[in-house]
$ cat data.pdb   # PDB, C-alpha atoms
ATOM      1  CA  MET A   1    -106.754   4.390 -96.075
ATOM      2  CA  ARG A   2    -110.386   3.476 -95.531
ATOM      3  CA  LEU A   3    -111.169   0.640 -93.121
ATOM      4  CA  TYR A   4    -114.095  -1.734 -93.490
ATOM      5  CA  LYS A   5    -115.733  -3.618 -90.653
ATOM      6  CA  LEU A   6    -117.360  -7.016 -90.387
ATOM      7  CA  GLU A   7    -119.050  -8.208 -87.199
ATOM      8  CA  ALA A   8    -120.318 -11.735 -86.663
ATOM      9  CA  THR A   9    -121.944 -13.307 -83.613
ATOM     10  CA  GLN A  10    -122.715 -16.974 -83.114
ATOM     11  CA  ARG A  11    -123.985 -18.951 -80.125
ATOM     12  CA  LEU A  12    -122.729 -22.520 -79.845
ATOM     13  CA  ARG A  13    -123.720 -25.411 -77.590
ATOM     14  CA  ILE A  14    -120.281 -25.889 -76.065
ATOM     15  CA  PRO A  15    -118.771 -24.682 -72.808
ATOM     16  CA  LEU A  16    -116.536 -21.622 -72.751
ATOM     17  CA  HIS A  17    -113.348 -23.610 -72.101
ATOM     18  CA  GLU A  18    -114.026 -25.859 -75.109
ATOM     19  CA  ALA A  19    -114.672 -22.878 -77.380
ATOM     20  CA  TRP A  20    -111.461 -21.236 -76.199
ATOM     21  CA  SER A  21    -109.489 -24.424 -76.722
ATOM     22  CA  PHE A  22    -110.805 -24.834 -80.278
ATOM     23  CA  PHE A  23    -110.479 -21.237 -81.479
ATOM     24  CA  SER A  24    -107.131 -20.478 -79.863
ATOM     25  CA  ASP A  25    -105.552 -23.429 -81.704
ATOM     26  CA  PRO A  26    -104.377 -22.284 -85.181
ATOM     27  CA  GLY A  27    -104.446 -25.922 -86.274
ATOM     28  CA  ASN A  28    -108.262 -25.704 -86.384
ATOM     29  CA  LEU A  29    -108.389 -22.760 -88.798
ATOM     30  CA  ALA A  30    -108.250 -24.847 -91.973
ATOM     31  CA  ALA A  31    -111.296 -26.860 -90.820
ATOM     32  CA  ILE A  32    -113.460 -23.710 -90.658
ATOM     33  CA  THR A  33    -112.081 -21.952 -93.758
ATOM     34  CA  PRO A  34    -113.516 -22.594 -97.238
ATOM     35  CA  GLY A  35    -111.389 -25.133 -99.110
ATOM     36  CA  SER A  36    -111.323 -22.847-102.144
ATOM     37  CA  LEU A  37    -108.905 -20.552-100.284
ATOM     38  CA  GLY A  38    -106.205 -23.224-100.066
ATOM     39  CA  PHE A  39    -105.591 -22.187 -96.450
ATOM     40  CA  ARG A  40    -102.916 -23.966 -94.406
ATOM     41  CA  VAL A  41    -100.786 -23.112 -91.407
ATOM     42  CA  THR A  42     -97.096 -23.221 -92.360
ATOM     43  CA  SER A  43     -95.548 -22.516 -88.957
ATOM     44  CA  ASP A  44     -95.591 -24.752 -85.886
ATOM     45  CA  PRO A  45     -97.256 -22.608 -83.216
ATOM     46  CA  PRO A  46     -97.014 -23.708 -79.591
ATOM     47  CA  PRO A  47    -100.079 -25.180 -77.872
ATOM     48  CA  THR A  48    -100.646 -22.094 -75.697
ATOM     49  CA  MET A  49    -101.414 -18.748 -77.333
ATOM     50  CA  TYR A  50     -99.541 -15.694 -76.069
ATOM     51  CA  PRO A  51     -99.145 -12.023 -77.049
ATOM     52  CA  GLY A  52     -96.382 -11.687 -79.614
ATOM     53  CA  MET A  53     -96.920 -15.147 -81.107
ATOM     54  CA  ILE A  54     -96.333 -15.169 -84.886
ATOM     55  CA  ILE A  55     -98.289 -17.578 -87.104
ATOM     56  CA  THR A  56     -97.613 -18.084 -90.805
ATOM     57  CA  TYR A  57    -100.058 -19.395 -93.393
ATOM     58  CA  GLN A  58    -100.299 -20.119 -97.077
ATOM     59  CA  VAL A  59    -103.508 -18.903 -98.721
ATOM     60  CA  SER A  60    -104.802 -18.641-102.298
ATOM     61  CA  PRO A  61    -107.373 -15.851-102.157
ATOM     62  CA  LEU A  62    -107.624 -15.123-105.880
ATOM     63  CA  LEU A  63    -107.418 -17.373-108.954
ATOM     64  CA  GLY A  64    -105.504 -20.060-107.038
ATOM     65  CA  VAL A  65    -102.421 -17.858-106.707
ATOM     66  CA  GLY A  66    -100.687 -18.746-103.429
ATOM     67  CA  MET A  67     -99.335 -16.149-101.053
ATOM     68  CA  SER A  68     -97.941 -16.014 -97.546
ATOM     69  CA  TRP A  69     -99.942 -14.545 -94.688
ATOM     70  CA  VAL A  70     -98.270 -13.636 -91.399
ATOM     71  CA  THR A  71    -100.273 -12.728 -88.312
ATOM     72  CA  GLU A  72     -99.300 -11.751 -84.802
ATOM     73  CA  ILE A  73    -101.387 -12.493 -81.730
ATOM     74  CA  THR A  74    -101.289  -9.085 -80.067
ATOM     75  CA  HIS A  75    -103.690  -9.483 -77.120
ATOM     76  CA  VAL A  76    -104.801 -12.500 -75.089
ATOM     77  CA  GLU A  77    -107.087 -12.685 -72.078
ATOM     78  CA  GLU A  78    -107.901 -16.360 -71.649
ATOM     79  CA  PRO A  79    -110.721 -17.406 -72.037
ATOM     80  CA  ARG A  80    -112.382 -14.079 -72.922
ATOM     81  CA  TYR A  81    -110.689 -12.719 -76.048
ATOM     82  CA  PHE A  82    -107.686 -12.615 -78.312
ATOM     83  CA  VAL A  83    -106.661 -10.401 -81.206
ATOM     84  CA  ASP A  84    -104.751 -11.302 -84.343
ATOM     85  CA  GLU A  85    -103.252  -8.684 -86.641
ATOM     86  CA  GLN A  86    -101.793  -9.171 -90.084
ATOM     87  CA  ARG A  87     -98.131  -8.300 -90.436
ATOM     88  CA  PHE A  88     -97.818  -9.372 -94.114
ATOM     89  CA  GLY A  89    -100.441 -10.783 -96.443
ATOM     90  CA  PRO A  90    -103.402 -10.197 -98.692
ATOM     91  CA  TYR A  91    -104.796  -7.086 -96.949
ATOM     92  CA  ARG A  92    -103.407  -3.598 -96.442
ATOM     93  CA  PHE A  93    -104.734  -3.867 -92.879
ATOM     94  CA  TRP A  94    -106.275  -6.725 -90.851
ATOM     95  CA  HIS A  95    -107.278  -6.559 -87.166
ATOM     96  CA  HIS A  96    -109.454  -9.424 -85.903
ATOM     97  CA  GLN A  97    -110.917  -9.506 -82.389
ATOM     98  CA  HIS A  98    -112.291 -12.839 -81.102
ATOM     99  CA  HIS A  99    -114.574 -12.473 -78.043
ATOM    100  CA  PHE A 100    -116.080 -15.329 -76.013
ATOM    101  CA  SER A 101    -118.684 -15.168 -73.240
ATOM    102  CA  GLU A 102    -120.630 -17.792 -71.352
ATOM    103  CA  ILE A 103    -124.350 -17.840 -71.967
ATOM    104  CA  GLU A 104    -127.067 -20.218 -70.872
ATOM    105  CA  GLY A 105    -126.474 -23.523 -72.646
ATOM    106  CA  GLY A 106    -123.157 -22.601 -74.221
ATOM    107  CA  VAL A 107    -120.971 -19.790 -75.445
ATOM    108  CA  GLU A 108    -121.445 -16.652 -77.506
ATOM    109  CA  MET A 109    -118.639 -15.847 -79.905
ATOM    110  CA  ARG A 110    -118.300 -12.406 -81.374
ATOM    111  CA  ASP A 111    -115.854 -11.502 -84.117
ATOM    112  CA  ILE A 112    -114.975  -7.938 -85.024
ATOM    113  CA  VAL A 113    -112.799  -7.592 -88.111
ATOM    114  CA  ASN A 114    -111.449  -4.269 -89.335
ATOM    115  CA  TYR A 115    -109.699  -4.569 -92.671
ATOM    116  CA  ALA A 116    -108.545  -2.641 -95.709
ATOM    117  CA  PRO A 117    -108.401  -4.177 -99.189
ATOM    118  CA  PRO A 118    -104.966  -4.474-100.807
ATOM    119  CA  THR A 119    -105.402  -1.571-103.189
ATOM    120  CA  PRO A 120    -106.044   2.159-102.867
ATOM    121  CA  ALA A 121    -109.253   1.729-104.964
ATOM    122  CA  ALA A 122    -110.740   0.212-101.822
ATOM    123  CA  GLY A 123    -114.400   1.193-102.258
ATOM    124  CA  ILE A 124    -114.910  -0.578-105.564
ATOM    125  CA  ILE A 125    -112.622  -3.489-104.699
ATOM    126  CA  ASP A 126    -114.376  -4.059-101.366
ATOM    127  CA  ARG A 127    -117.880  -3.898-102.854
ATOM    128  CA  VAL A 128    -117.113  -6.224-105.745
ATOM    129  CA  LEU A 129    -114.475  -8.628-104.458
ATOM    130  CA  VAL A 130    -113.020  -8.387-100.968
ATOM    131  CA  GLY A 131    -116.124  -7.666 -98.875
ATOM    132  CA  PRO A 132    -118.182 -10.529-100.354
ATOM    133  CA  ARG A 133    -115.247 -12.922 -99.902
ATOM    134  CA  VAL A 134    -114.694 -11.942 -96.254
ATOM    135  CA  ARG A 135    -118.433 -12.372 -95.572
ATOM    136  CA  ALA A 136    -118.413 -15.739 -97.379
ATOM    137  CA  ILE A 137    -115.570 -16.955 -95.139
ATOM    138  CA  PHE A 138    -117.599 -16.119 -92.032
ATOM    139  CA  ASP A 139    -120.793 -17.616 -93.520
ATOM    140  CA  HIS A 140    -118.895 -20.843 -94.226
ATOM    141  CA  ARG A 141    -117.454 -20.826 -90.727
ATOM    142  CA  ARG A 142    -120.941 -20.356 -89.231
ATOM    143  CA  GLU A 143    -122.233 -23.433 -91.081
ATOM    144  CA  VAL A 144    -119.273 -25.628 -90.141
ATOM    145  CA  LEU A 145    -119.417 -24.629 -86.475
ATOM    146  CA  ALA A 146    -123.196 -25.123 -86.244
ATOM    147  CA  LYS A 147    -122.797 -28.671 -87.599
ATOM    148  CA  ARG A 148    -119.825 -29.441 -85.385
ATOM    149  CA  PHE A 149    -120.998 -28.005 -82.051
ATOM    150  CA  GLY A 150    -124.704 -27.222 -82.441
ATOM    151  CA  GLU A 151    -126.098 -23.708 -82.539
ATOM    152  CA  ILE A 152    -128.226 -21.864 -80.010
ATOM    153  CA  PRO A 153    -130.862 -19.724 -81.756
TER     154      PRO A 153
END

$ encode --input "data.pdb" --output "structure tokens"
Amino acid sequence: MRLYKLEATQRLRIPLHEAWSFFSDPGNLAAITPGSLGFRVTSDPPPTMYPGMIITYQVSPLLGVGMSWVTEITHVEEPRYFVDEQRFGPYRFWHHQHHFSEIEGGVEMRDIVNYAPPTPAAGIIDRVLVGPRVRAIFDHRREVLAKRFGEIP
């Protein structure tokens, strides 16, 4: 199985504790995800994230066909980083690291996503479909967050 990697960094004009509070709350995910994905949290996660926490979602990644997505929060070091991993869902493999660090005037967020498309023909599928969609999700998120919190160049 071949893994693909996406890295994204963004600097926002909010304090570290506010960034942590926003991003560690699964209830905020729909606000930063493109509406075309039909993304919604279907579980009722507790207010404090912890290793082992399971979160369930409904998502429509292709042609409006809905599917369940289950992730586990596997690592948490508040307010520095957390990791979510797919247990069931649209990818063969999904490992998403969220890193936060204080910088002058705000916070730097760094995402590292390692993923594998849902099919063994990964190279073609990633180039044509999955890779562009994953990048589009993060591009959308960047725009929404810049408008909401302000961006540091």

$ residues_near_point --input "data.pdb" --point "(-103.8, 4.0, -95.1)" --cutoff "10 Å" --atoms "only C-alpha atoms" --output "number ranges by chain"
A: 1-3, 92-93, 116, 119-120

$ atom_distance --input "data.pdb" --atom1 "atom CA of A:Lys5" --atom2 "atom CA of A:Arg148"
26.7 Å

$ resolve_selection --input "data.pdb" --expression "the PyMOL selection byres ((chain A and resi 138) around 10)" --output "PyMOL selection string"
chain A and resi 6-9+32-34+111+133-137+139-144

$ residues_around --input "data.pdb" --residues "A:Val59" --least-positions-apart "5" --cutoff "6 Å" --atoms "all atoms listed in the file" --output "tab-separated table (two decimals) with C-alpha atoms, keeping the file's coordinate frame"
chain	number	residue	atom	x	y	z
A	37	LEU	CA	-108.90	-20.55	-100.28
A	38	GLY	CA	-106.20	-23.22	-100.07
A	39	PHE	CA	-105.59	-22.19	-96.45
A	66	GLY	CA	-100.69	-18.75	-103.43
A	67	MET	CA	-99.34	-16.15	-101.05

$ atom_distance --input "data.pdb" --atom1 "atom CA of A:Pro153" --atom2 "atom CA of A:Gln10"
8.7 Å

$ atom_distance --input "data.pdb" --atom1 "atom CA of A:Thr42" --atom2 "atom CA of A:Trp69"
9.4 Å

$ closest_residue --input "data.pdb" --among "A:Gly150, A:Pro79, A:Pro46, A:Gly35" --to "A:Ser101" --atoms "all atoms listed in the file"
A:Pro79

$ resolve_selection --input "data.pdb" --expression "the PyMOL selection byres ((chain A and resi 44) around 10)" --output "NGL selection string"
:A and (26-27 or 41-43 or 45-47 or 54-56)

$ resolve_selection --input "data.pdb" --expression "the PyMOL selection byres ((chain A and resi 103) around 12)" --output "list in words"
Gln10, Arg11, Leu12, Arg13, Ile14, Pro15, Leu16, Phe100, Ser101, Glu102, Glu104, Gly105, Gly106, Val107, Glu108, Met109, Ile152 and Pro153 of chain A

$ closest_residue --input "data.pdb" --among "A:Thr48, A:Val65, A:Met53, A:Ser60" --to "A:Gln86" --atoms "all atoms listed in the file"
A:Met53

$ residues_around --input "data.pdb" --residues "A:Met49" --least-positions-apart "4" --cutoff "8 Å" --atoms "all atoms listed in the file" --output "count of residues only"
5

$ closest_residue --input "data.pdb" --among "A:Leu29, A:Tyr4, A:Leu145, A:Phe23" --to "A:Tyr91" --atoms "all atoms listed in the file"
A:Tyr4

$ closest_residue --input "data.pdb" --among "A:Ser68, A:Asn114, A:Gln97, A:Thr74" --to "A:Gly52" --atoms "only C-alpha atoms"
A:Thr74

$ closest_residue --input "data.pdb" --among "A:Ser36, A:Glu85, A:Gln58, A:Glu78" --to "A:Ala19" --atoms "only C-alpha atoms"
A:Glu78
